[in-house]
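S.K.: Below you'll find data.cif; it's mmCIF, C-alpha atoms.
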data_data
#
loop_
_atom_site.label_atom_id
_atom_site.label_comp_id
_atom_site.auth_asym_id
_atom_site.auth_seq_id
_atom_site.Cartn_x
_atom_site.Cartn_y
_atom_site.Cartn_z
CA MET A 124 -24.83 31.74 -20.22
CA SER A 125 -24.48 29.28 -17.36
CA SER A 126 -24.69 25.55 -17.97
CA ILE A 127 -28.03 23.88 -17.26
CA ILE A 128 -26.24 20.65 -16.38
CA LYS A 129 -25.59 20.48 -12.64
CA PRO A 130 -22.51 18.60 -11.38
CA ILE A 131 -23.32 15.29 -9.73
CA THR A 132 -22.79 15.13 -5.96
CA ALA A 133 -21.29 12.40 -3.82
CA GLU A 134 -24.69 11.73 -2.28
CA GLN A 135 -26.12 11.03 -5.73
CA LEU A 136 -23.41 8.44 -6.29
CA ASN A 137 -24.10 6.46 -3.12
CA PHE A 138 -26.00 3.83 -5.09
CA MET A 139 -22.69 2.87 -6.71
CA VAL A 140 -21.19 1.68 -3.42
CA GLU A 141 -24.13 0.78 -1.21
CA ASN A 142 -23.72 -2.91 -2.06
CA HIS A 143 -19.91 -2.89 -2.08
CA LEU A 144 -18.02 -1.60 0.96
CA PRO A 145 -19.84 1.69 1.62
CA LYS A 146 -18.37 4.33 3.94
CA THR A 147 -14.84 2.92 3.79
CA ASN A 148 -11.40 4.49 3.67
CA TRP A 149 -8.98 3.28 1.01
CA THR A 150 -5.20 3.26 0.78
CA PHE A 151 -3.52 2.94 -2.62
CA GLY A 152 0.02 1.56 -2.72
CA GLY A 153 2.73 2.53 -5.18
CA ALA A 154 3.82 5.86 -3.70
CA PHE A 155 7.40 6.88 -4.55
CA ARG A 156 7.34 4.41 -7.45
CA TYR A 157 4.27 5.22 -9.56
CA ASP A 158 3.52 8.76 -8.41
CA ALA A 159 2.65 10.19 -11.83
CA SER A 160 0.06 7.45 -12.42
CA LEU A 161 -1.37 7.76 -8.92
CA GLU A 162 -1.73 11.51 -9.37
CA VAL A 163 -3.76 10.99 -12.57
CA VAL A 164 -6.02 8.43 -10.89
CA ILE A 165 -6.58 10.49 -7.73
CA THR A 166 -7.22 13.71 -9.66
CA ASN A 167 -9.78 12.11 -11.92
CA LEU A 168 -11.48 10.08 -9.19
CA SER A 169 -11.89 13.36 -7.30
CA LYS A 170 -13.86 14.70 -10.26
CA SER A 171 -15.80 11.66 -11.45
CA PHE A 172 -16.16 9.37 -8.42
CA PRO A 173 -15.04 11.01 -5.16
CA LEU A 174 -16.48 8.17 -3.08
CA ARG A 175 -13.44 6.11 -4.07
CA LYS A 176 -10.81 8.79 -3.76
CA PRO A 177 -8.20 7.31 -1.39
CA PHE A 178 -7.65 8.61 2.12
CA ASN A 179 -3.91 8.10 1.66
CA VAL A 180 -1.23 6.50 -0.48
CA ALA A 181 1.42 4.11 0.79
CA GLY A 182 5.04 3.51 -0.12
CA CYS A 183 8.60 4.41 0.72
CA PRO A 184 11.82 5.46 -0.99
CA ALA A 185 14.53 2.81 -0.89
CA CYS A 186 16.25 2.78 2.49
CA LYS A 187 17.49 0.33 5.12
CA TRP A 188 14.05 0.19 6.73
CA SER A 189 12.21 -0.77 3.53
CA LEU A 190 12.25 -3.63 1.02
CA ASP A 191 12.10 -3.92 -2.76
CA TRP A 192 10.58 -7.04 -4.24
CA TYR A 193 12.35 -6.90 -7.58
CA THR A 194 14.88 -4.25 -8.63
CA GLU A 195 16.79 -2.52 -5.86
CA ARG A 196 16.07 1.20 -6.26
CA ARG A 197 18.43 3.99 -5.34
CA PRO A 198 17.58 6.35 -2.46
CA MET A 199 15.51 9.44 -3.26
CA GLY A 200 16.81 12.91 -2.50
CA LEU A 201 15.06 14.68 0.37
CA ASN A 202 14.08 17.60 -1.87
CA ALA A 203 12.33 15.24 -4.30
CA PHE A 204 10.71 13.43 -1.36
CA SER A 205 9.38 16.70 0.05
CA ALA A 206 8.08 17.75 -3.36
CA LEU A 207 6.07 14.52 -3.65
CA LEU A 208 4.65 15.01 -0.15
CA GLU A 209 3.50 18.45 -1.22
CA ARG A 210 1.89 17.09 -4.41
CA TYR A 211 -0.15 14.60 -2.42
CA ALA A 212 -1.08 17.27 0.12
CA THR A 213 -2.35 19.42 -2.74
CA LEU A 214 -4.64 16.50 -3.66
CA ASN A 215 -5.76 16.33 0.00
CA VAL A 216 -4.35 12.83 0.29
CA GLY A 217 -2.17 11.59 3.12
CA VAL A 218 1.05 9.59 2.80
CA MET A 219 1.70 6.40 4.74
CA LEU A 220 5.48 6.00 4.81
CA THR A 221 5.84 2.22 4.72
CA PHE A 222 8.90 0.70 6.39
CA ASP A 223 8.15 -2.94 5.55
CA ASN A 224 11.49 -4.50 6.54
CA PRO A 225 10.82 -6.69 9.60
CA PHE A 226 14.50 -7.59 10.01
CA VAL A 227 15.96 -4.18 10.85
CA THR A 228 19.13 -4.56 12.92
CA GLU A 229 20.23 -2.41 15.84
CA GLU A 230 22.74 -0.73 13.53
CA ASP A 231 20.02 -0.06 10.95
CA LEU A 232 17.89 1.69 13.58
CA ASN A 233 20.40 4.54 13.62
CA ASP A 234 20.23 5.13 9.86
CA SER A 235 20.19 8.91 9.39
CA TYR A 236 18.51 8.88 5.97
CA ALA A 237 15.47 6.87 7.10
CA ALA A 238 15.18 9.06 10.19
CA ALA A 239 15.25 12.14 7.97
CA LEU A 240 12.35 10.71 5.93
CA VAL A 241 10.25 10.44 9.09
CA THR A 242 11.11 13.98 10.17
CA GLU A 243 10.27 15.39 6.75
CA LEU A 244 7.02 13.41 6.59
CA TYR A 245 5.82 15.05 9.78
CA ARG A 246 7.07 18.50 8.83
CA CYS A 247 5.21 18.44 5.52
CA ASP A 248 1.94 17.07 6.91
CA ARG A 249 -0.27 20.08 6.32
CA VAL A 250 -3.39 17.97 5.69
CA ARG A 251 -2.83 16.00 8.94
CA LYS A 252 -3.20 12.60 7.30
CA ASN A 253 0.40 11.36 7.16
CA SER A 254 1.52 8.29 9.09
CA VAL A 255 4.28 5.70 9.33
CA CYS A 256 3.75 1.95 8.90
CA VAL A 257 6.40 -0.37 10.37
CA ALA A 258 7.03 -4.13 10.36
CA SER A 259 9.06 -4.20 13.56
CA ASP A 260 8.23 -3.28 17.16
CA ARG A 261 11.79 -2.06 17.66
CA LEU A 262 11.44 0.20 14.65
CA ALA A 263 8.16 1.53 16.04
CA ALA A 264 9.99 2.51 19.23
CA ARG A 265 12.68 4.23 17.16
CA VAL A 266 10.09 6.21 15.17
CA ARG A 267 8.50 7.35 18.44
CA GLU A 268 11.90 8.65 19.53
CA ILE A 269 12.32 10.59 16.29
CA CYS A 270 8.75 11.93 16.18
CA PRO A 271 6.65 11.28 19.30
CA LYS A 272 3.43 12.64 17.75
CA MET A 273 3.59 10.54 14.58
CA MET A 274 0.77 8.06 13.91
CA ILE A 275 2.31 4.58 13.66
CA CYS A 276 0.60 1.62 11.99
CA CYS A 277 1.53 -2.05 12.02
CA HIS A 278 2.50 -3.60 8.67
CA PRO A 279 1.34 -7.15 7.78
CA ASN A 280 4.99 -8.20 7.55
CA ARG A 281 5.08 -7.82 11.34
CA LEU A 282 2.52 -10.66 11.51
CA ILE A 283 4.20 -12.70 8.78
CA VAL A 284 7.42 -13.01 10.79
CA GLU A 285 5.60 -13.59 14.12
CA GLN A 286 7.02 -16.75 15.69
CA ASN A 287 4.03 -17.44 17.93
CA LYS A 288 0.58 -18.48 16.76
CA ARG A 289 -1.47 -15.58 15.40
CA THR A 290 -4.54 -15.26 17.60
CA PRO A 291 -7.23 -12.61 18.21
CA ALA A 292 -5.48 -11.91 21.53
CA LEU A 293 -2.25 -11.06 19.66
CA TYR A 294 -4.09 -8.70 17.33
CA ASN A 295 -5.95 -7.04 20.19
CA LYS A 296 -2.66 -6.49 22.01
CA LEU A 297 -1.06 -4.92 18.93
CA ALA A 298 -4.08 -2.63 18.56
CA GLU A 299 -3.25 -1.19 21.99
CA THR A 300 0.22 -0.20 20.75
CA TYR A 301 -0.40 0.92 17.17
CA THR A 302 -2.81 3.42 15.64
CA ASN A 303 -3.86 0.79 13.12
CA VAL A 304 -2.96 -2.86 12.50
CA CYS A 305 -3.09 -4.54 9.09
CA LEU A 306 -4.22 -8.16 9.15
CA HIS A 307 -2.00 -10.92 7.84
CA PRO A 308 -3.34 -11.57 4.29
CA VAL A 309 -4.41 -15.09 5.22
CA ASP A 310 -6.11 -14.03 8.46
CA ALA A 311 -8.42 -11.76 6.47
CA THR A 312 -10.02 -14.99 5.22
CA ARG A 313 -10.43 -16.55 8.68
CA PRO A 314 -13.63 -15.58 10.49
CA ALA A 315 -12.34 -17.35 13.61
CA ILE A 316 -9.79 -14.54 13.88
CA PHE A 317 -11.31 -11.39 12.41
CA THR A 318 -14.71 -11.78 14.10
CA GLN A 319 -13.00 -11.93 17.52
CA LEU A 320 -11.23 -8.56 17.27
CA GLU A 321 -12.51 -6.13 19.88
CA HIS A 322 -12.23 -2.98 17.77
CA PRO A 323 -12.27 -3.80 14.03
CA GLU A 324 -12.18 -0.06 13.26
CA TYR A 325 -8.54 -0.10 14.43
CA PHE A 326 -7.59 -2.65 11.77
CA SER A 327 -7.06 -2.57 8.02
CA VAL A 328 -7.35 -5.25 5.35
CA LEU A 329 -5.09 -5.96 2.37
CA VAL A 330 -7.43 -6.94 -0.46
CA ASN A 331 -5.06 -7.89 -3.32
CA ASP A 332 -2.17 -9.97 -2.05
CA PRO A 333 -1.29 -12.31 -4.98
CA LEU A 334 0.64 -14.95 -3.01
CA PRO A 335 -0.84 -18.43 -2.44
CA ARG A 336 -3.00 -18.81 0.65
CA ASN A 337 -1.16 -21.97 1.60
CA SER A 338 2.36 -20.54 1.17
CA ALA A 339 4.78 -21.52 3.92
CA LEU A 340 7.66 -19.48 2.56
CA ARG A 341 6.60 -15.90 3.23
CA ARG A 342 8.93 -15.44 6.21
CA GLU A 343 11.89 -16.95 4.38
CA HIS A 344 11.21 -14.71 1.38
CA LEU A 345 11.17 -11.56 3.52
CA ARG A 346 14.46 -12.63 5.10
CA LEU A 347 16.00 -12.94 1.64
CA LEU A 348 14.69 -9.51 0.61
CA ALA A 349 16.23 -7.99 3.74
CA ASP A 350 19.56 -9.69 2.99
CA ILE A 351 19.44 -8.43 -0.60
CA ARG A 352 18.82 -4.89 0.66
CA ARG A 353 22.03 -5.07 2.69
CA ASP A 354 24.01 -6.77 -0.10
CA PRO A 355 22.33 -5.86 -3.42
CA TYR A 356 25.16 -7.11 -5.64
CA ASN A 357 25.16 -10.62 -4.18
CA ALA A 358 23.97 -12.74 -7.09
CA ASP A 359 23.68 -15.83 -4.90
CA LEU A 360 20.98 -14.16 -2.80
CA CYS A 361 19.04 -13.19 -5.91
CA MET A 362 19.32 -16.73 -7.26
CA ARG A 363 18.06 -18.15 -3.96
CA ARG A 364 15.07 -15.83 -4.10
CA ALA A 365 14.26 -16.89 -7.67
CA LYS A 366 14.42 -20.56 -6.71
CA LEU A 367 12.21 -19.97 -3.67
CA VAL A 368 9.53 -18.26 -5.77
CA GLU A 369 9.69 -21.05 -8.34
CA ARG A 370 9.51 -23.76 -5.68
CA ASP A 371 6.41 -22.26 -4.09
CA GLY A 372 4.73 -21.63 -7.46
CA TRP A 373 3.89 -17.98 -6.82
CA HIS A 374 3.88 -17.04 -10.50
CA VAL A 375 2.50 -20.27 -11.94
CA VAL A 376 -0.87 -19.93 -13.69
CA ASP A 377 -2.60 -23.19 -14.53
CA ALA A 378 -5.52 -22.47 -16.88
CA ASP A 379 -6.94 -25.96 -16.28
CA SER A 380 -7.26 -25.55 -12.52
CA LEU A 381 -7.91 -21.86 -11.89
CA ARG A 382 -9.46 -21.41 -8.46
CA GLN A 383 -10.78 -18.14 -7.14
CA LYS A 384 -9.41 -18.73 -3.65
CA ALA A 385 -5.96 -19.99 -4.62
CA THR A 386 -4.34 -16.64 -3.76
CA CYS A 387 -4.93 -14.03 -1.08
CA ASN A 388 -6.83 -11.82 -3.51
CA LEU A 389 -10.05 -11.47 -1.52
CA THR A 390 -13.35 -12.38 -3.14
CA ARG A 391 -16.39 -10.07 -3.03
CA ASN A 392 -18.03 -12.32 -0.45
CA GLU A 393 -14.94 -12.20 1.73
CA THR A 394 -14.65 -8.41 1.65
CA ALA A 395 -18.40 -8.19 2.33
CA ALA A 396 -17.97 -10.41 5.40
CA LEU A 397 -15.13 -8.21 6.66
CA HIS A 398 -17.22 -5.09 6.13
CA ALA A 399 -20.14 -6.68 7.99
CA ALA A 400 -17.75 -7.45 10.86
CA GLY A 401 -16.92 -3.74 11.19
CA PHE A 402 -13.77 -3.26 9.10
CA ARG A 403 -13.69 0.10 7.33
CA HIS A 404 -10.11 0.48 6.07
CA PHE A 405 -8.99 -1.41 2.96
CA ILE A 406 -5.63 -1.38 1.16
CA VAL A 407 -4.75 -1.97 -2.49
CA GLN A 408 -1.04 -2.77 -2.33
CA GLY A 409 1.50 -2.17 -5.10
CA ASN A 410 4.86 -3.30 -3.72
CA GLN A 411 4.53 -6.80 -5.20
CA PHE A 412 4.02 -5.57 -8.78
CA ARG A 413 6.70 -4.87 -11.36
CA ASN A 414 4.74 -2.09 -13.09
CA GLU A 415 1.91 0.30 -12.37
CA MET A 416 -0.57 -1.23 -14.83
CA THR A 417 -1.27 -4.15 -12.49
CA LEU A 418 -1.77 -1.72 -9.62
CA LEU A 419 -4.17 0.43 -11.65
CA TRP A 420 -6.13 -2.67 -12.70
CA ASP A 421 -6.46 -3.75 -9.07
CA ILE A 422 -7.52 -0.28 -7.93
CA PHE A 423 -10.55 -0.40 -10.23
CA ARG A 424 -11.20 -4.12 -9.71
CA CYS A 425 -11.21 -3.84 -5.92
CA THR A 426 -12.94 -0.51 -5.35
CA LEU A 427 -15.74 -0.57 -7.93
CA ASP A 428 -18.92 -2.67 -7.94
CA TYR A 429 -19.10 -4.87 -11.04
CA GLY A 430 -22.48 -6.40 -10.33
CA PRO A 431 -24.67 -6.89 -13.43
CA GLU A 432 -26.74 -3.77 -12.77
CA LEU A 433 -23.71 -1.50 -12.27
CA SER A 434 -20.97 -3.04 -14.41
CA ASN A 435 -21.53 -0.59 -17.27
CA LYS A 436 -21.24 2.41 -14.95
CA SER A 437 -18.15 1.04 -13.21
CA ALA A 438 -16.56 0.37 -16.60
CA LEU A 439 -17.31 3.95 -17.60
CA ILE A 440 -15.60 5.29 -14.48
CA ALA A 441 -12.53 3.12 -15.02
CA SER A 442 -12.22 3.88 -18.74
CA SER A 443 -12.75 7.62 -18.14
CA VAL A 444 -9.92 7.72 -15.60
CA MET A 445 -7.61 5.66 -17.80
CA ALA A 446 -8.42 7.92 -20.78
CA ALA A 447 -6.77 10.75 -18.87
CA PHE A 448 -3.38 9.12 -19.44
CA GLY A 449 -1.57 10.41 -22.50
CA GLN A 450 -3.59 13.60 -22.77
CA PRO A 451 -1.88 16.51 -24.56
CA LYS A 452 0.11 18.77 -22.24
CA GLN A 453 0.92 22.44 -22.49
CA GLN A 454 4.54 21.79 -21.59
CA MET A 455 6.92 20.08 -23.98
CA PRO A 456 8.90 17.14 -22.55
CA SER A 457 12.55 17.93 -22.00
CA GLY A 458 15.63 15.88 -21.25
CA LEU A 459 16.85 18.78 -19.13
CA LYS A 460 14.19 18.21 -16.46
CA GLY A 461 15.78 18.08 -13.04
CA TYR A 462 19.07 19.57 -14.21
CA LYS A 463 20.54 22.95 -13.21
CA PHE A 464 23.04 25.09 -15.12
CA THR A 465 24.52 26.61 -11.99
CA ASN A 466 25.42 25.53 -8.50
CA TYR A 467 23.87 28.65 -7.07
CA GLU A 468 20.30 28.46 -5.77
#
As C-alpha cells, please, write out the structure in this file.

M.R.:
Amino acid sequence: MSSIIKPITAEQLNFMVENHLPKTNWTFGGAFRYDASLEVVITNLSKSFPLRKPFNVAGCPACKWSLDWYTERRPMGLNAFSALLERYATLNVGVMLTFDNPFVTEEDLNDSYAAALVTELYRCDRVRKNSVCVASDRLAARVREICPKMMICCHPNRLIVEQNKRTPALYNKLAETYTNVCLHPVDATRPAIFTQLEHPEYFSVLVNDPLPRNSALRREHLRLLADIRRDPYNADLCMRRAKLVERDGWHVVDADSLRQKATCNLTRNETAALHAAGFRHFIVQGNQFRNEMTLLWDIFRCTLDYGPELSNKSALIASSVMAAFGQPKQQMPSGLKGYKFTNYE
C-alpha cells in the first residue's frame, strides 16, 4: 500500500526564504577539514530543505598556496583528495579549492603538489561546478597556465592586502579578470562601495567573518600566517601571532558592551540590503574556526529565517539535521581504516 503522505516540494517551501535571501547560491566552508560533518548537513538539507543546499563547498588541503589559522595541518594524499571530490560530486555539490595565501613567492608558484591539486580538481569535475579561489593575481596567472579552462575566483584576502584604496573601480576591474570576486568583509557593510558595482551578480559576500570591523591588523596577521606556513616550527612567529590577536582584541567578549555590529558578522538588515542591490552568492566561511560546531551553528544561523512567524520551523530544520549526527551505522568502526596488509594494489 502506497503512502498517502506526499513529499513536500521545493516550491512549497518558498515561503521559508521569501523574506530572507531568496534565489541565492550558498557556499559552505570547511572542506578538507570537516568533510564528514558537511556530508551529513548537505545530505539532510537535500531531503528536508533543498532550498538551502549549497551550490559548492570551499576549502583546501594544506599546501604552500593555502593558510591555516591555528594548527598547521599535514598535506593530504592525492588519492584521499580525489575520493573527497568524488563524494561531493555524488552529492551534486561543487568544490571551490581555496588558495587563500596572498603572499605566494615566485618559488612557491612552482610547487608541484599544489599544481597537482588543481589538475585533479579539474579532472574530477563531473558535475561541472568546481572552481579555484586565489588571493594573488600572480597565482591566478599560474592556475591559468596549469588549467586554462578552470573557473578562477578572487578571495577576500586579495582585497585585504591591497595597498591602494579599495574603490568600486577596483572591484569592477577585478570582475573583468575573475569569474567571481568576494568582497572584503568590511566593504560588504559599505553601501558607498557595493551599490556602485556594475555587475553584482559577479560578486560574492562573506556573511560570518568574526573579526572586528575596525581591525587594522588583518594584513599583518595574514603575513604572519604565511610566514608560519613556510616555517611551522618557529615558536617566535606563533608567539607574535598570539600577541597580535590579543592586542587587537579579536577573541575578547565583553558582556557589558555587546554590540551587534562590532564584528563583520553581517546583520539581517545588511544581508537584505546586499540582496536588494543584486548580490546572489553568499559564503559561510569555516577557516577561522577551530572546530566544526561553530561552522554548523553559523550555517543554520545565516541561511535560515528566524523571524517570529518562522522561528519554530527553522528550529525544526536545524534540529532535524543535527539529529542525524551519531545515528547508528551498519558498519562497525575500525582502527584498521585506511591501512593495507599488502603493498600490491

S.K.: Which of these residues is nearest to Thr194 in chain A, using only C-alpha atoms: A:Tyr356, A:Phe405, A:Tyr236, A:Trp420?

M.R.: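 With only C-alpha atoms as the atom set, the closest residue is A:Tyr356.
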
S.K.: Report the distance between CA of Asp191 in chain A and CA of Asn148 in chain A in Å, rounded to one decimal place.

M.R.: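 Pair CA of Asp191 in chain A / CA of Asn148 in chain A returns 25.8 Å.
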
S.K.: Can you give me, as a PyMOL selection string, the residues this file yields under the PyMOL selection byres ((chain A and resi 147) around 6)?

M.R.: chain A and resi 145-146+148+403-404

S.K.: Which polymer residues have any atom within 12 Å of an atom of Pro271 in chain A, counting all atoms listed in the file, with same-chain residues fewer than 5 positions away left out, as a VMD selection string?

M.R.: chain A and resid 241 to 242 245 254 to 255 263 to 266

S.K.: Kindly indicate which residue among A:Arg342, A:Val180, A:Leu397, A:Asn215 lies nearest to Gln286 in chain A, using only C-alpha atoms for the distances.

M.R.: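 Ranked by minimum distance to Gln286 in chain A, first place goes to A:Arg342.
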
S.K.: Can you give me, as a compact mmCIF listing (two decimals) with C-alpha atoms, in the coordinates of the input, the residues this file yields under the PyMOL selection byres ((chain A and resi 315) around 12)?

M.R.:
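Printed below is selection_4.txt as written:
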# COMPACT_ATOMS: atom_id res chain seq x y z
CA ARG A 289 -1.47 -15.58 15.40
CA THR A 290 -4.54 -15.26 17.60
CA PRO A 291 -7.23 -12.61 18.21
CA ALA A 292 -5.48 -11.91 21.53
CA VAL A 309 -4.41 -15.09 5.22
CA ASP A 310 -6.11 -14.03 8.46
CA ALA A 311 -8.42 -11.76 6.47
CA THR A 312 -10.02 -14.99 5.22
CA ARG A 313 -10.43 -16.55 8.68
CA PRO A 314 -13.63 -15.58 10.49
CA ILE A 316 -9.79 -14.54 13.88
CA PHE A 317 -11.31 -11.39 12.41
CA THR A 318 -14.71 -11.78 14.10
CA GLN A 319 -13.00 -11.93 17.52
CA LEU A 320 -11.23 -8.56 17.27
CA LEU A 397 -15.13 -8.21 6.66
CA ALA A 400 -17.75 -7.45 10.86

S.K.: Could you give me the centre and size, in Å to one decimal, of an axis-aligned box around all listed atoms of range 333-345 of chain A with 6 Å added on every side, as JSON?

M.R.:
{"center_x": 4.4, "center_y": -16.8, "center_z": 0.6, "size_x": 26.9, "size_y": 22.4, "size_z": 23.2}

S.K.: Contacts of range 425-427 of chain A at 10 Å or less, counting only C-alpha atoms, minus same-chain residues fewer than 6 places along, as a list in words?

M.R.: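 Final neighbour list, sorted by chain and number: Met139, Val140, His143, Leu144, Thr147, Trp149, Phe172, Leu174, Arg175, Lys176, Pro177, Val330, Asn331, Asn388, Leu389, Thr390, Arg391, Thr394, Phe405, Ile406, Val407, Leu433, Ser434, Lys436, Ser437, Ala438, Ile440 and Ala441 of chain A.
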
S.K.: Please measure the separation of CA of Val250 in chain A and CA of Ile165 in chain A, giving the value in Å to one decimal.

M.R.: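 Rounded to one decimal, the two atoms are 15.7 Å apart.
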
S.K.: Please evaluate the PyMOL selection byres ((chain A and resi 355) around 12) against the structure above and give the resulting residues as a PyMOL selection string.

M.R.: chain A and resi 185+187+190-197+347-354+356-362

S.K.: Could you name the residues that touch Glu299 in chain A at 12 Å or less, counting only C-alpha atoms, but leaving out those on the same chain fewer than 6 positions away, as a compact mmCIF listing (two decimals) with C-alpha atoms, in the frame of the given file?

M.R.:
# COMPACT_ATOMS: atom_id res chain seq x y z
CA ILE A 275 2.31 4.58 13.66
CA CYS A 276 0.60 1.62 11.99
CA CYS A 277 1.53 -2.05 12.02
CA ALA A 292 -5.48 -11.91 21.53
CA LEU A 293 -2.25 -11.06 19.66
CA LEU A 320 -11.23 -8.56 17.27
CA GLU A 321 -12.51 -6.13 19.88
CA HIS A 322 -12.23 -2.98 17.77
CA TYR A 325 -8.54 -0.10 14.43
CA PHE A 326 -7.59 -2.65 11.77

S.K.: Rounded to one decimal, what separation in Å do you get between CA of Phe226 in chain A and CA of Thr417 in chain A?

M.R.: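 Calculated distance between CA of Phe226 in chain A and CA of Thr417 in chain A is 27.7 Å.
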